[in-house]
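The structure file work28.cif is reproduced below (mmCIF, C-alpha atoms).
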```cif
data_work
loop_
_atom_site.label_atom_id
_atom_site.label_comp_id
_atom_site.auth_asym_id
_atom_site.auth_seq_id
_atom_site.Cartn_x
_atom_site.Cartn_y
_atom_site.Cartn_z
CA MET E 1058 -14.93 14.16 -23.05
CA SER E 1059 -12.63 11.16 -22.60
CA LYS E 1060 -12.31 9.24 -19.37
CA LYS E 1061 -8.70 10.45 -19.00
CA ALA E 1062 -9.78 14.11 -19.37
CA ARG E 1063 -12.57 13.68 -16.84
CA LEU E 1064 -10.19 12.27 -14.27
CA LYS E 1065 -7.96 15.34 -14.56
CA LEU E 1066 -10.70 17.40 -12.93
CA PHE E 1067 -9.22 16.09 -9.66
CA PRO E 1068 -5.50 15.95 -8.78
CA GLU E 1069 -4.02 12.48 -9.01
CA TYR E 1070 -4.09 10.51 -5.71
CA SER E 1071 -6.44 13.03 -4.08
CA SER E 1072 -9.74 12.09 -2.40
CA ARG E 1073 -12.51 12.82 -4.90
CA PHE E 1074 -15.12 12.38 -2.18
CA ILE E 1075 -13.72 15.33 -0.21
CA TYR E 1076 -13.81 17.56 -3.29
CA ILE E 1077 -17.35 16.50 -4.20
CA GLY E 1078 -18.67 16.92 -0.66
CA ALA E 1079 -17.04 20.32 -0.19
CA LEU E 1080 -18.11 21.75 -3.55
CA VAL E 1081 -21.72 20.51 -3.29
CA LEU E 1082 -22.04 21.93 0.24
CA SER E 1083 -20.49 25.25 -0.82
CA ILE E 1084 -22.83 25.68 -3.80
CA PHE E 1085 -25.87 24.53 -1.83
CA GLY E 1086 -24.85 26.81 1.06
CA SER E 1087 -24.51 29.80 -1.26
CA ALA E 1088 -28.03 29.24 -2.59
CA MET E 1089 -29.43 28.97 0.94
CA ILE E 1090 -27.54 32.08 2.11
CA ILE E 1091 -29.23 34.08 -0.66
CA SER E 1092 -32.60 32.73 0.48
CA ALA E 1093 -31.85 33.42 4.16
CA GLU E 1094 -30.75 36.99 3.38
CA MET E 1095 -34.28 37.68 2.15
CA GLY E 1096 -35.29 37.60 5.81
CA GLU E 1097 -32.73 40.22 6.84
CA SER E 1098 -33.36 42.45 3.81
CA THR E 1099 -37.16 42.04 3.72
CA ALA E 1100 -36.78 40.85 0.12
CA ASP E 1101 -34.89 44.04 -0.94
CA LEU E 1102 -33.66 43.06 -4.42
CA SER E 1103 -30.52 45.24 -4.18
CA VAL E 1104 -29.42 43.45 -1.00
CA ILE E 1105 -30.18 40.05 -2.50
CA SER E 1106 -28.21 40.84 -5.67
CA SER E 1107 -25.22 42.14 -3.66
CA THR E 1108 -25.38 39.01 -1.49
CA SER E 1109 -25.34 36.83 -4.62
CA ILE E 1110 -22.29 38.66 -5.99
CA LYS E 1111 -20.48 38.38 -2.64
CA GLN E 1112 -21.19 34.64 -2.44
CA VAL E 1113 -19.79 34.07 -5.93
CA ILE E 1114 -16.64 36.00 -4.97
CA PHE E 1115 -16.31 34.09 -1.67
CA LEU E 1116 -16.80 30.78 -3.47
CA VAL E 1117 -14.11 31.61 -6.06
CA LEU E 1118 -11.67 32.71 -3.33
CA GLY E 1119 -12.46 29.61 -1.28
CA ILE E 1120 -11.84 27.28 -4.23
CA ALA E 1121 -8.58 29.15 -4.89
CA CYS E 1122 -7.53 28.49 -1.27
CA LEU E 1123 -8.45 24.81 -1.69
CA ILE E 1124 -6.31 24.52 -4.83
CA ILE E 1125 -3.35 26.46 -3.40
CA PHE E 1126 -3.21 24.48 -0.16
CA THR E 1127 -3.53 21.23 -2.11
CA LYS E 1128 -0.67 22.05 -4.47
CA VAL E 1129 1.67 23.99 -2.14
CA ARG E 1130 2.94 22.00 0.85
CA PHE E 1131 3.09 24.80 3.42
CA ILE E 1132 3.86 22.25 6.12
CA LYS E 1133 7.32 21.76 4.55
CA LEU E 1134 8.30 25.38 5.30
CA GLN E 1135 11.03 25.91 7.87
CA SER E 1136 9.90 26.28 11.47
CA LYS E 1137 10.87 29.97 11.60
CA PHE E 1138 8.41 30.76 8.79
CA ILE E 1139 5.66 28.78 10.55
CA TRP E 1140 6.25 30.86 13.70
CA ILE E 1141 6.21 34.10 11.68
CA GLY E 1142 2.78 33.08 10.35
CA TYR E 1143 1.66 32.30 13.91
CA PHE E 1144 2.53 35.81 15.12
CA VAL E 1145 0.86 37.40 12.08
CA VAL E 1146 -2.40 35.63 12.99
CA LEU E 1147 -1.88 36.62 16.65
CA PHE E 1148 -1.49 40.28 15.66
CA LEU E 1149 -4.65 40.11 13.53
CA LEU E 1150 -6.59 38.58 16.44
CA ILE E 1151 -5.56 41.45 18.72
CA SER E 1152 -6.24 44.06 16.01
CA THR E 1153 -9.96 43.26 16.00
CA ARG E 1154 -10.34 45.34 19.19
CA ALA E 1155 -9.73 48.45 17.11
CA PHE E 1156 -12.96 47.87 15.20
CA ALA E 1157 -16.61 48.09 16.19
CA PRO E 1158 -18.16 44.91 17.63
CA VAL E 1159 -20.84 42.90 15.86
CA GLY E 1160 -23.41 41.31 18.15
CA GLY E 1161 -21.17 42.01 21.14
CA ALA E 1162 -18.13 40.21 19.63
CA TYR E 1163 -14.95 41.96 18.45
CA GLY E 1164 -14.21 39.35 15.83
CA TRP E 1165 -13.79 41.30 12.60
CA ILE E 1166 -11.30 43.62 10.90
CA ARG E 1167 -13.24 45.91 8.59
CA VAL E 1168 -11.84 48.07 5.79
CA GLY E 1169 -14.65 49.65 3.78
CA PRO E 1170 -16.90 46.90 2.40
CA LEU E 1171 -14.28 44.22 3.14
CA SER E 1172 -14.06 42.30 6.40
CA LEU E 1173 -11.77 39.61 7.80
CA GLN E 1174 -12.41 37.27 10.74
CA PRO E 1175 -8.94 36.19 11.97
CA SER E 1176 -10.27 33.57 14.41
CA GLU E 1177 -11.29 31.42 11.41
CA PHE E 1178 -7.68 31.32 10.22
CA ALA E 1179 -6.45 30.65 13.76
CA LYS E 1180 -8.38 27.35 13.61
CA LEU E 1181 -6.41 26.38 10.52
CA TYR E 1182 -3.13 27.59 11.94
CA VAL E 1183 -3.20 25.53 15.14
CA ILE E 1184 -3.37 22.41 12.92
CA ILE E 1185 -0.33 23.58 10.91
CA LEU E 1186 1.57 24.46 14.09
CA ALA E 1187 0.83 21.10 15.75
CA ALA E 1188 1.84 19.17 12.61
CA LYS E 1189 5.10 21.11 12.36
CA LEU E 1190 6.06 20.89 16.03
CA PHE E 1191 5.32 17.18 16.38
CA GLU E 1192 6.38 15.86 12.97
CA LYS E 1193 8.47 12.70 13.23
CA ASP E 1194 11.42 13.96 11.20
CA SER E 1195 11.93 16.95 13.51
CA PRO E 1196 15.00 17.13 15.78
CA LYS E 1197 14.78 15.14 19.01
CA LEU E 1198 11.38 15.63 20.61
CA ASN E 1199 11.16 16.90 24.16
CA MET E 1200 8.62 18.34 26.56
CA ASN E 1201 9.62 21.84 25.50
CA ARG E 1202 7.78 21.34 22.20
CA LEU E 1203 4.56 20.39 23.96
CA GLU E 1204 4.89 23.39 26.27
CA LYS E 1205 5.47 25.73 23.31
CA PHE E 1206 2.39 24.40 21.57
CA GLY E 1207 0.29 24.70 24.73
CA LEU E 1208 1.32 28.32 25.34
CA ALA E 1209 0.81 29.25 21.68
CA VAL E 1210 -2.70 27.79 21.70
CA LEU E 1211 -3.63 29.39 25.02
CA ALA E 1212 -2.61 32.79 23.61
CA TYR E 1213 -5.04 32.30 20.70
CA VAL E 1214 -7.81 30.98 22.95
CA GLY E 1215 -7.37 33.72 25.56
CA ILE E 1216 -7.51 36.52 22.98
CA VAL E 1217 -10.54 35.07 21.18
CA PHE E 1218 -12.43 34.39 24.41
CA LYS E 1219 -11.51 37.48 26.42
CA LEU E 1220 -10.68 40.23 23.93
CA GLN E 1221 -13.04 39.19 21.13
CA ASN E 1222 -15.80 37.83 23.44
CA ASP E 1223 -16.26 34.84 21.11
CA LEU E 1224 -16.84 31.70 23.18
CA GLY E 1225 -17.70 29.47 20.20
CA SER E 1226 -14.47 30.10 18.28
CA ALA E 1227 -12.41 29.79 21.47
CA VAL E 1228 -13.96 26.36 22.16
CA VAL E 1229 -13.25 25.21 18.58
CA ILE E 1230 -9.60 26.36 18.65
CA LEU E 1231 -9.05 24.71 22.03
CA GLY E 1232 -10.83 21.51 20.96
CA ILE E 1233 -8.81 21.15 17.73
CA SER E 1234 -5.53 21.81 19.53
CA TYR E 1235 -6.34 19.51 22.43
CA VAL E 1236 -7.03 16.52 20.16
CA CYS E 1237 -3.99 17.29 17.97
CA ALA E 1238 -1.77 17.14 21.08
CA LEU E 1239 -3.08 13.62 21.80
CA ILE E 1240 -1.87 12.27 18.42
CA PRO E 1241 1.96 12.18 18.69
CA PRO E 1242 2.86 8.57 19.64
CA TYR E 1243 6.06 9.46 21.46
CA LYS E 1244 6.97 8.07 24.86
CA GLU E 1245 8.07 11.54 26.04
CA TYR E 1246 4.45 12.67 25.87
CA ARG E 1247 2.64 9.52 26.97
CA LYS E 1248 2.17 10.40 30.63
CA ILE E 1249 0.82 13.89 30.05
CA GLN E 1250 -1.40 12.60 27.22
CA ASN E 1251 -2.94 10.07 29.61
CA TRP E 1252 -3.74 12.89 32.04
CA MET E 1253 -5.18 14.95 29.19
CA ILE E 1254 -7.53 12.08 28.26
CA ILE E 1255 -8.68 11.76 31.89
CA PHE E 1256 -9.24 15.52 32.10
CA LEU E 1257 -11.18 15.46 28.81
CA CYS E 1258 -13.48 12.71 30.11
CA PHE E 1259 -14.18 14.66 33.29
CA GLY E 1260 -14.81 17.80 31.21
CA ILE E 1261 -17.39 16.02 29.05
CA LEU E 1262 -19.08 14.54 32.12
CA GLY E 1263 -19.12 17.98 33.75
CA ALA E 1264 -20.75 19.57 30.68
CA VAL E 1265 -23.41 16.83 30.62
CA ALA E 1266 -24.01 17.30 34.35
CA LEU E 1267 -24.60 21.05 33.85
CA LEU E 1268 -27.50 20.23 31.53
CA SER E 1269 -29.11 17.91 34.10
CA PRO E 1270 -31.86 19.16 36.47
CA LEU E 1271 -29.33 19.38 39.31
CA GLY E 1272 -26.88 21.28 37.11
CA THR E 1273 -29.47 23.77 35.87
CA SER E 1274 -30.63 24.47 39.43
CA LEU E 1275 -27.02 25.19 40.35
CA LEU E 1276 -26.64 27.52 37.37
CA GLU E 1277 -29.79 29.41 38.34
CA ARG E 1278 -28.20 30.24 41.70
CA MET E 1279 -25.00 31.48 40.04
CA GLY E 1280 -26.66 34.49 38.40
CA ASP E 1281 -28.37 35.55 35.20
CA SER E 1282 -25.49 36.29 32.82
CA TYR E 1283 -26.03 35.81 29.10
CA LYS E 1284 -23.84 32.67 28.93
CA ILE E 1285 -25.61 31.04 31.89
CA LYS E 1286 -28.99 31.80 30.31
CA ARG E 1287 -27.88 29.95 27.17
CA PHE E 1288 -27.19 26.82 29.22
CA LEU E 1289 -30.56 27.10 30.94
CA ALA E 1290 -32.40 27.65 27.65
CA SER E 1291 -30.82 24.58 26.04
CA ALA E 1292 -31.92 22.44 29.01
CA ASP E 1293 -35.53 23.67 28.76
CA PRO E 1294 -36.12 26.20 25.95
CA PHE E 1295 -39.87 26.47 26.56
CA ALA E 1296 -39.28 27.61 30.14
CA TYR E 1297 -37.43 30.61 28.66
CA GLN E 1298 -39.38 31.01 25.43
CA TYR E 1299 -39.91 34.74 25.94
CA ASP E 1300 -36.32 35.36 27.00
CA SER E 1301 -33.05 33.55 26.19
CA GLY E 1302 -34.86 30.54 24.72
CA TYR E 1303 -36.96 32.47 22.20
CA HIS E 1304 -34.73 31.91 19.13
CA LEU E 1305 -34.20 28.27 20.05
CA VAL E 1306 -37.97 27.69 20.29
CA MET E 1307 -38.43 29.34 16.90
CA SER E 1308 -35.69 27.08 15.52
CA LEU E 1309 -37.58 24.01 16.73
CA VAL E 1310 -40.79 25.40 15.24
CA SER E 1311 -39.00 25.82 11.90
CA PHE E 1312 -37.92 22.16 12.00
CA ALA E 1313 -41.51 21.12 12.64
CA THR E 1314 -42.86 23.44 9.95
CA GLY E 1315 -40.49 22.09 7.31
CA GLY E 1316 -41.30 18.46 8.07
CA LEU E 1317 -40.09 15.90 5.54
CA PHE E 1318 -40.26 17.92 2.31
CA GLY E 1319 -40.33 21.60 3.33
CA LEU E 1320 -42.31 24.63 2.20
CA GLY E 1321 -40.19 25.31 -0.89
CA TYR E 1322 -37.10 27.38 -1.67
CA GLY E 1323 -37.40 30.96 -0.42
CA LYS E 1324 -40.64 30.28 1.46
CA SER E 1325 -39.37 30.21 5.05
CA ILE E 1326 -41.59 32.29 7.31
CA HIS E 1327 -39.44 32.50 10.43
CA LYS E 1328 -36.35 33.93 8.71
CA PHE E 1329 -38.24 37.22 8.33
CA MET E 1330 -38.75 37.83 12.03
CA ASN E 1331 -37.53 35.16 14.44
CA PHE E 1332 -33.80 34.66 13.83
CA PRO E 1333 -31.04 37.19 14.61
CA ASN E 1334 -28.64 35.59 12.08
CA PRO E 1335 -30.66 33.52 9.59
CA SER E 1336 -27.72 33.20 7.17
CA THR E 1337 -25.10 32.24 9.79
CA ASP E 1338 -25.94 30.66 13.16
CA PHE E 1339 -29.55 29.76 12.27
CA ILE E 1340 -29.20 28.76 8.64
CA LEU E 1341 -30.05 25.09 9.35
CA PRO E 1342 -33.62 25.87 10.58
CA VAL E 1343 -34.15 27.94 7.41
CA ILE E 1344 -32.84 25.07 5.25
CA ILE E 1345 -35.12 22.49 6.87
CA GLU E 1346 -38.14 24.80 6.86
CA GLU E 1347 -37.72 25.37 3.11
CA ASN E 1348 -36.36 21.97 1.98
CA GLY E 1349 -37.45 19.60 4.72
CA ILE E 1350 -35.55 16.67 6.23
CA VAL E 1351 -35.36 14.75 2.93
CA PHE E 1352 -34.04 17.51 0.65
CA GLY E 1353 -32.38 19.66 3.31
CA LEU E 1354 -30.83 17.72 6.19
CA VAL E 1355 -30.14 14.38 4.47
CA PRO E 1356 -28.02 15.86 1.61
CA ILE E 1357 -26.01 17.84 4.18
CA LEU E 1358 -25.34 14.69 6.22
CA VAL E 1359 -24.33 12.75 3.09
CA CYS E 1360 -21.93 15.47 1.93
CA TYR E 1361 -20.39 15.78 5.38
CA GLY E 1362 -19.99 12.00 5.30
CA PHE E 1363 -18.07 12.39 2.02
CA ILE E 1364 -15.65 14.64 3.91
CA PHE E 1365 -15.48 12.78 7.23
CA PHE E 1366 -14.93 9.20 6.06
CA PRO E 1367 -11.82 9.84 3.88
CA LEU E 1368 -10.30 11.86 6.73
CA ILE E 1369 -10.98 9.03 9.20
CA TYR E 1370 -9.66 6.41 6.77
CA HIS E 1371 -6.43 8.25 6.00
CA SER E 1372 -5.85 9.22 9.65
CA ILE E 1373 -5.84 5.48 10.44
CA LYS E 1374 -3.80 4.43 7.41
CA CYS E 1375 -1.27 7.26 7.49
CA GLU E 1376 2.00 6.02 8.98
CA TYR E 1377 3.63 9.31 9.92
CA CYS E 1378 2.69 11.69 12.71
CA ARG E 1379 2.41 14.89 10.66
CA GLY E 1380 -0.18 13.38 8.35
CA LYS E 1381 -2.21 11.94 11.23
CA ILE E 1382 -2.30 15.31 13.00
CA ILE E 1383 -3.47 17.11 9.84
CA MET E 1384 -6.19 14.50 9.16
CA VAL E 1385 -7.45 14.42 12.76
CA GLY E 1386 -7.16 18.21 13.13
CA THR E 1387 -9.20 18.77 9.96
CA LEU E 1388 -11.76 16.20 11.09
CA MET E 1389 -12.10 17.91 14.49
CA TYR E 1390 -12.38 21.32 12.82
CA PHE E 1391 -15.41 20.21 10.81
CA ALA E 1392 -16.89 17.91 13.47
CA LEU E 1393 -16.79 20.54 16.24
CA HIS E 1394 -18.46 23.13 14.03
CA PHE E 1395 -21.11 20.60 13.03
CA ILE E 1396 -21.78 19.48 16.61
CA LEU E 1397 -21.86 22.99 18.07
CA ASN E 1398 -24.05 24.46 15.32
CA VAL E 1399 -26.51 21.59 14.82
CA GLY E 1400 -26.56 20.77 18.54
CA GLY E 1401 -27.15 24.43 19.39
CA VAL E 1402 -30.04 25.13 17.02
CA SER E 1403 -31.71 21.82 17.94
CA GLY E 1404 -31.44 22.40 21.71
CA PHE E 1405 -29.09 19.54 22.60
CA ILE E 1406 -26.31 21.90 23.72
CA PRO E 1407 -26.13 25.66 24.42
CA LEU E 1408 -25.96 28.03 21.45
CA THR E 1409 -22.39 29.16 20.77
CA GLY E 1410 -22.72 31.26 17.62
CA VAL E 1411 -20.57 28.84 15.60
CA PRO E 1412 -21.35 28.67 11.85
CA LEU E 1413 -22.12 25.50 9.90
CA LEU E 1414 -19.02 25.15 7.74
CA LEU E 1415 -19.39 25.46 3.96
CA ILE E 1416 -23.05 26.44 4.40
CA SER E 1417 -23.30 29.47 6.71
CA SER E 1418 -22.34 32.86 5.29
CA GLY E 1419 -18.89 34.29 5.88
CA GLY E 1420 -16.01 34.64 3.45
CA SER E 1421 -13.32 34.10 6.09
CA SER E 1422 -14.96 30.89 7.28
CA LEU E 1423 -15.35 29.54 3.73
CA MET E 1424 -11.75 30.33 2.76
CA ALA E 1425 -10.30 28.93 6.00
CA CYS E 1426 -12.21 25.63 5.94
CA LEU E 1427 -11.51 25.03 2.23
CA ALA E 1428 -7.84 25.83 2.83
CA THR E 1429 -7.85 23.27 5.66
CA LEU E 1430 -9.33 20.66 3.32
CA GLY E 1431 -6.60 21.55 0.82
CA LEU E 1432 -4.00 20.98 3.54
CA ALA E 1433 -5.50 17.54 4.23
CA GLN E 1434 -5.65 16.74 0.50
CA SER E 1435 -1.97 17.63 0.18
CA GLU E 1436 -1.10 15.04 2.83
CA ILE E 1437 -3.44 12.45 1.27
CA ILE E 1438 -1.73 12.93 -2.12
CA ASN E 1439 1.71 12.67 -0.52
CA TYR E 1440 0.75 9.49 1.35
CA GLN E 1441 -0.84 7.87 -1.70
CA LYS E 1442 2.19 8.70 -3.84
CA ARG E 1443 4.51 7.11 -1.30
CA LYS E 1444 2.40 3.97 -1.14
CA SER E 1445 2.23 3.81 -4.94
CA ASN E 1446 6.02 4.11 -5.23
CA GLU E 1447 6.54 1.46 -2.57
CA ASN E 1448 4.20 -0.91 -4.38
CA SER E 1449 5.87 -0.30 -7.74
CA ILE E 1450 9.31 -0.96 -6.23
CA GLY E 1451 7.98 -4.09 -4.47
#
```

Kindly transcribe the structure held in the file into structure tokens.
Amino acid sequence: MSKKARLKLFPEYSSRFIYIGALVLSIFGSAMIISAEMGESTADLSVISSTSIKQVIFLVLGIACLIIFTKVRFIKLQSKFIWIGYFVVLFLLISTRAFAPVGGAYGWIRVGPLSLQPSEFAKLYVIILAAKLFEKDSPKLNMNRLEKFGLAVLAYVGIVFKLQNDLGSAVVILGISYVCALIPPYKEYRKIQNWMIIFLCFGILGAVALLSPLGTSLLERMGDSYKIKRFLASADPFAYQYDSGYHLVMSLVSFATGGLFGLGYGKSIHKFMNFPNPSTDFILPVIIEENGIVFGLVPILVCYGFIFFPLIYHSIKCEYCRGKIIMVGTLMYFALHFILNVGGVSGFIPLTGVPLLLISSGGSSLMACLATLGLAQSEIINYQKRKSNENSIG
């Protein structure tokens, strides 16, 4: 194969690192999902084979989403079509209440063997909505645009948190939207953005304070709800090892069992009995137990680095607001999932039930995050083309 033919594997001007990182993580994740499902199926070969087929289908659909969002610039659609898409996602979010809950959360629409998790697509859509509302070539910007965006996001967050009972997804949607609203460099928004930054700093300090000894003692007096118990368990999992901290303790044991090089693929012990969702929320302990730090965690960190660094680079270099919002929104999408999942299963923060993107099972999650990367790639290609044309003219 010639050098020219090899280069055509990736669209011209796109970030090859993002493609490589995403595809390696997706393939590696699919292999680990099949291994993790052995724990839930007790090595039932029919379940394992059906899981393998599903993962192949999800991977193909996810790659299709990546290609479509790279080639088709949805962000160039008229505002009325963007709002139609917003209300479609809103309707799907509400529709989940008509279906049976899974693990206490009403997050899925199920039709026979097929299921859809609309909250995953809501995470993508708030990035599209922010980029469209705040793009520089829009009509004169005013506070009304910021208010519209805030109300639209709060509708998503409220439905996901209250109706679906999904705290993790609500936090991710709010976090992505909050940071996207800080990007527009317009004087009309400067004052409120400054207040948002101050509020964000106090929020982070408050969350850290809740995990301190004083904060945990205050939480203990507030009651024994499931969410409060998660905070308490993350502060001291061994104090609650037979209650809310049990799965977290088993996660830490899995890390220790795997050590540097792991027990070998498929040989995790704890996935058979100690994790409620070994292929979703707790897939990282299974990965490290089987592959160790060297062959499990390090490759994941490297591949995430392949995704993060191009997004950071182009968010700095990009000269127009829409592109910056898409880059930063995509970065926050992946970073929040990484922080909440890895931080949760390692005991640094409370468990939120958020999957590890491109690795945890879930077709909706895989399609949504690959579509988001496609959206970012589309802006990278557009930016690089513009720079190339400017240089050729110069």

*So what does the PyMOL selection byres ((chain E and resi 1348-1351) around 10) actually pick up in this one, as a PyMOL selection string?*
chain E and resi 1089+1311-1325+1342-1347+1352-1357

Show which residues sit within 12 Å of Ile1437 (chain E), as a short mmCIF file (atom, residue, chain, number, x, y, z; two decimals) with C-alpha atoms, keeping the file's coordinate frame. Count all atoms listed in the file, and ignore same-chain residues fewer than 2 positions away.
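Now in around03.cif:
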```cif
data_model
loop_
_atom_site.label_atom_id
_atom_site.label_comp_id
_atom_site.auth_asym_id
_atom_site.auth_seq_id
_atom_site.Cartn_x
_atom_site.Cartn_y
_atom_site.Cartn_z
CA PRO E 1068 -5.50 15.95 -8.78
CA GLU E 1069 -4.02 12.48 -9.01
CA TYR E 1070 -4.09 10.51 -5.71
CA SER E 1071 -6.44 13.03 -4.08
CA SER E 1072 -9.74 12.09 -2.40
CA ARG E 1073 -12.51 12.82 -4.90
CA ILE E 1075 -13.72 15.33 -0.21
CA THR E 1127 -3.53 21.23 -2.11
CA LYS E 1128 -0.67 22.05 -4.47
CA ARG E 1130 2.94 22.00 0.85
CA PRO E 1367 -11.82 9.84 3.88
CA LEU E 1368 -10.30 11.86 6.73
CA ILE E 1369 -10.98 9.03 9.20
CA TYR E 1370 -9.66 6.41 6.77
CA HIS E 1371 -6.43 8.25 6.00
CA SER E 1372 -5.85 9.22 9.65
CA ILE E 1373 -5.84 5.48 10.44
CA LYS E 1374 -3.80 4.43 7.41
CA CYS E 1375 -1.27 7.26 7.49
CA GLU E 1376 2.00 6.02 8.98
CA TYR E 1377 3.63 9.31 9.92
CA ARG E 1379 2.41 14.89 10.66
CA GLY E 1380 -0.18 13.38 8.35
CA LYS E 1381 -2.21 11.94 11.23
CA ILE E 1383 -3.47 17.11 9.84
CA MET E 1384 -6.19 14.50 9.16
CA LEU E 1430 -9.33 20.66 3.32
CA GLY E 1431 -6.60 21.55 0.82
CA LEU E 1432 -4.00 20.98 3.54
CA ALA E 1433 -5.50 17.54 4.23
CA GLN E 1434 -5.65 16.74 0.50
CA SER E 1435 -1.97 17.63 0.18
CA ASN E 1439 1.71 12.67 -0.52
CA TYR E 1440 0.75 9.49 1.35
CA GLN E 1441 -0.84 7.87 -1.70
CA LYS E 1442 2.19 8.70 -3.84
CA ARG E 1443 4.51 7.11 -1.30
CA LYS E 1444 2.40 3.97 -1.14
#
```

*Rank nothing, just name the residue among E:Ser1336, E:Ser1291, E:Thr1108, E:Thr1409 nearest to Phe1395 (chain E), using all atoms listed in the file.*
E:Thr1409

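As for CA of His1394 (chain E) and CA of Ile1340 (chain E), they are spaced 13.3 Å apart.
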
_Nearest to Val1411 (chain E) by atom-to-atom distance, counting all atoms listed in the file, from E:Gly1272, E:Ala1227, E:Lys1248, E:Ile1110_ = E:Ala1227

*Distance criterion (only C-alpha atoms): nearest to Cys1237 (chain E) out of E:Thr1387, E:Ser1422, E:Gln1174, E:Ser1301*: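 Under the stated criterion, the closest residue is E:Thr1387.
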
*Got a sec to resolve the PyMOL selection byres ((chain E and resi 1242) around 12) on this structure and send the residues as an NGL selection string?*
:E and (1191-1193 or 1198 or 1237-1241 or 1243-1251 or 1376-1379 or 1381-1382)

_Between CA of Phe1115 (chain E) and CA of Gly1078 (chain E), what is the distance in Å, rounded to a tenth?_
17.4 Å

*Atom pair CA of Leu1413 (chain E) / CA of Gly1086 (chain E): separation (Å)*: 9.3 Å

Find the residues with any atom within 10 Å of (-27.7, 28.1, 25.6); use only C-alpha atoms and the coordinates as given in the file, and write the answer as a CSV table (one decimal) with C-alpha atoms, in the frame of the given file.
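Output file part_3.csv is given in full below:
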```csv
chain,number,residue,atom,x,y,z
E,1268,LEU,CA,-27.5,20.2,31.5
E,1283,TYR,CA,-26.0,35.8,29.1
E,1284,LYS,CA,-23.8,32.7,28.9
E,1285,ILE,CA,-25.6,31.0,31.9
E,1286,LYS,CA,-29.0,31.8,30.3
E,1287,ARG,CA,-27.9,30.0,27.2
E,1288,PHE,CA,-27.2,26.8,29.2
E,1289,LEU,CA,-30.6,27.1,30.9
E,1290,ALA,CA,-32.4,27.6,27.6
E,1291,SER,CA,-30.8,24.6,26.0
E,1292,ALA,CA,-31.9,22.4,29.0
E,1293,ASP,CA,-35.5,23.7,28.8
E,1294,PRO,CA,-36.1,26.2,26.0
E,1301,SER,CA,-33.0,33.6,26.2
E,1302,GLY,CA,-34.9,30.5,24.7
E,1305,LEU,CA,-34.2,28.3,20.0
E,1401,GLY,CA,-27.2,24.4,19.4
E,1402,VAL,CA,-30.0,25.1,17.0
E,1404,GLY,CA,-31.4,22.4,21.7
E,1405,PHE,CA,-29.1,19.5,22.6
E,1406,ILE,CA,-26.3,21.9,23.7
E,1407,PRO,CA,-26.1,25.7,24.4
E,1408,LEU,CA,-26.0,28.0,21.4
E,1409,THR,CA,-22.4,29.2,20.8
E,1410,GLY,CA,-22.7,31.3,17.6
```

*Please write as a ChimeraX atom specification the list of polymer residues whose atoms come within 10 Å of (-12.7, 42.3, 12.3), counting all atoms listed in the file and keeping to the coordinates of the file.*
/E:1149-1159,1162-1168,1171-1176,1221

*Can you list, as a PyMOL selection string, the residues that the PyMOL selection byres ((chain E and resi 1229) around 10) selects here?*
chain E and resi 1176-1177+1179-1180+1214+1224-1228+1230-1235+1389-1394+1397+1411
